[in-house]
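Report on one structure; see the data block that follows.
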Amino acid sequence: PAAAPPPPAAPPAAPAPVQLTKVTLTKNAPTVSLTKQGGTSGGMRVNLNWEVRKQFKGWGAKLGRAVAMHSDLDLDLCALYELSDGRKGVIQALGNAFGALDRPPFIHLDGDDRTGANASGENMSINLDQKSAFRRILIFVTIYEGARSFADLNATVTLTPQHGASIDFSLDECTVPSTVCALALLTNEHGDLLVRRESRFLVPERGVSPQRTVDYAYGWGLDWTPGRK
């Protein structure tokens with residue numbers, strides 16, 4: 001009898017799609033390129049989420065203050081920007097400086113959540129289609145009310161490009177009486193936006209606002225007037 005025909009060769013396996021995994025920035029590896037992560041266009045969401053540690057250590061224990069719950073804190077996500085044409089400014093809830101995505105500065109702050117009931121934390125968006133318009137962006141957070149410092153806050157920053165891998169990092173433990181923290185610095189290096197973890201807690205001098213404190217620390221050079229929301 002005739003031998004059975006050999007079974008047909010299996011089709012070659014399709015190459016697995018490249019899985020872009022999340023990038024976590026650390027003190028030892030603080031910088032990543034958005035281009036290398038595939039985040040070169042569309043919008044990018046910047047999120048700050050936090051919880052209060054139940055056990056008080058460091059500065060909070062020394063103050064002996066009551067536990068500040070999430071709902072008692074009003075943390076404000078903000079950004080200083082410098083555009084490639086030299087314009088500078090600030091994005092913040094104070095003075096309703098929420099910005100815009102479709103026109104300069106191409107950065108927009110979501111509505112300020114005064115209740116703390118928003119489980120998603122504070123959010124800001126950056127238009128990566130306009131990345132050539134940016135020279136540098138400093139994302140920072142201030143305590144508007146509800147606590148005297150960031151001590152005992154467990155905070156995570158996540159940057160999620162529309163395309164490409166997300167980038168996240170945790171803030172270091174705060175050991176100083178800080179009311180303002182520089183989170184991340186984005187710089188335009190020949191068309192590629194680099195993201196650098198800062199996690200830098202700053203202590204304003206007496207009579208100096210948190211915003212002006214960040215400005216001084218990073219040499220931004222804005223003129224500041226008192227604001228309220």
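Residue numbers start at 1 in each chain; chains themselves are named A, B, ... in the order of the structure tokens; ligands are numbered from 1 in the order shown.
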
*Per DSSP on the backbone, what are the strand (DSSP E) residues of stretch 86-208 of chain A, as a ChimeraX atom specification?*
/A:88-91,99-100,107-109,122-127,134-145,153-161,167-170,180-189,192-202

*Write down as a list in words the residues of stretch 141-221 of chain A whose backbone DSSP state falls under alpha helix (DSSP H).*
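Taking stretch 141-221 of chain A and keeping alpha helix (DSSP H) gives Pro210, Gln211, Arg212, Thr213, Val214, Asp215, Tyr216, Ala217 and Tyr218 of chain A.
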
Report as CSV the residues of stretch 79-137 of chain A within 10 Å of stretch 185-200 of chain A, each with its shortest atom pair and distance in Å (one decimal), using only C-alpha atoms, ordered by chain and increasing residue number.
```
residue,atom,partner,partner_atom,distance
A:Ala79,CA,A:Leu185,CA,9.5
A:Leu80,CA,A:Leu185,CA,9.5
A:Tyr81,CA,A:Leu186,CA,9.4
A:Glu82,CA,A:Thr187,CA,9.6
A:Leu83,CA,A:Asn188,CA,9.8
A:Ser84,CA,A:Asn188,CA,9.0
A:Leu128,CA,A:Leu193,CA,8.9
A:Lys131,CA,A:Gly191,CA,7.1
A:Ser132,CA,A:Gly191,CA,5.8
A:Ala133,CA,A:Asn188,CA,8.9
A:Phe134,CA,A:Asn188,CA,6.4
A:Arg135,CA,A:Asn188,CA,5.3
A:Arg136,CA,A:Thr187,CA,4.4
A:Ile137,CA,A:Leu186,CA,5.0
```

Now that the selection is made, can you save its residues with C-alpha atoms as a compact mmCIF listing (two decimals), in the first residue's frame?
```txt
# COMPACT_ATOMS: atom_id res chain seq x y z
CA ALA A 79 3.62 72.61 35.77
CA LEU A 80 6.12 75.25 34.82
CA TYR A 81 6.70 75.40 31.08
CA GLU A 82 9.19 77.02 28.75
CA LEU A 83 8.35 76.90 25.05
CA SER A 84 10.84 76.82 22.21
CA LEU A 128 2.87 65.20 22.25
CA LYS A 131 6.49 68.32 21.36
CA SER A 132 8.67 70.51 19.14
CA ALA A 133 7.01 73.52 20.82
CA PHE A 134 8.45 72.55 24.22
CA ARG A 135 11.85 73.41 25.59
CA ARG A 136 11.20 72.10 29.09
CA ILE A 137 8.31 71.26 31.41
```
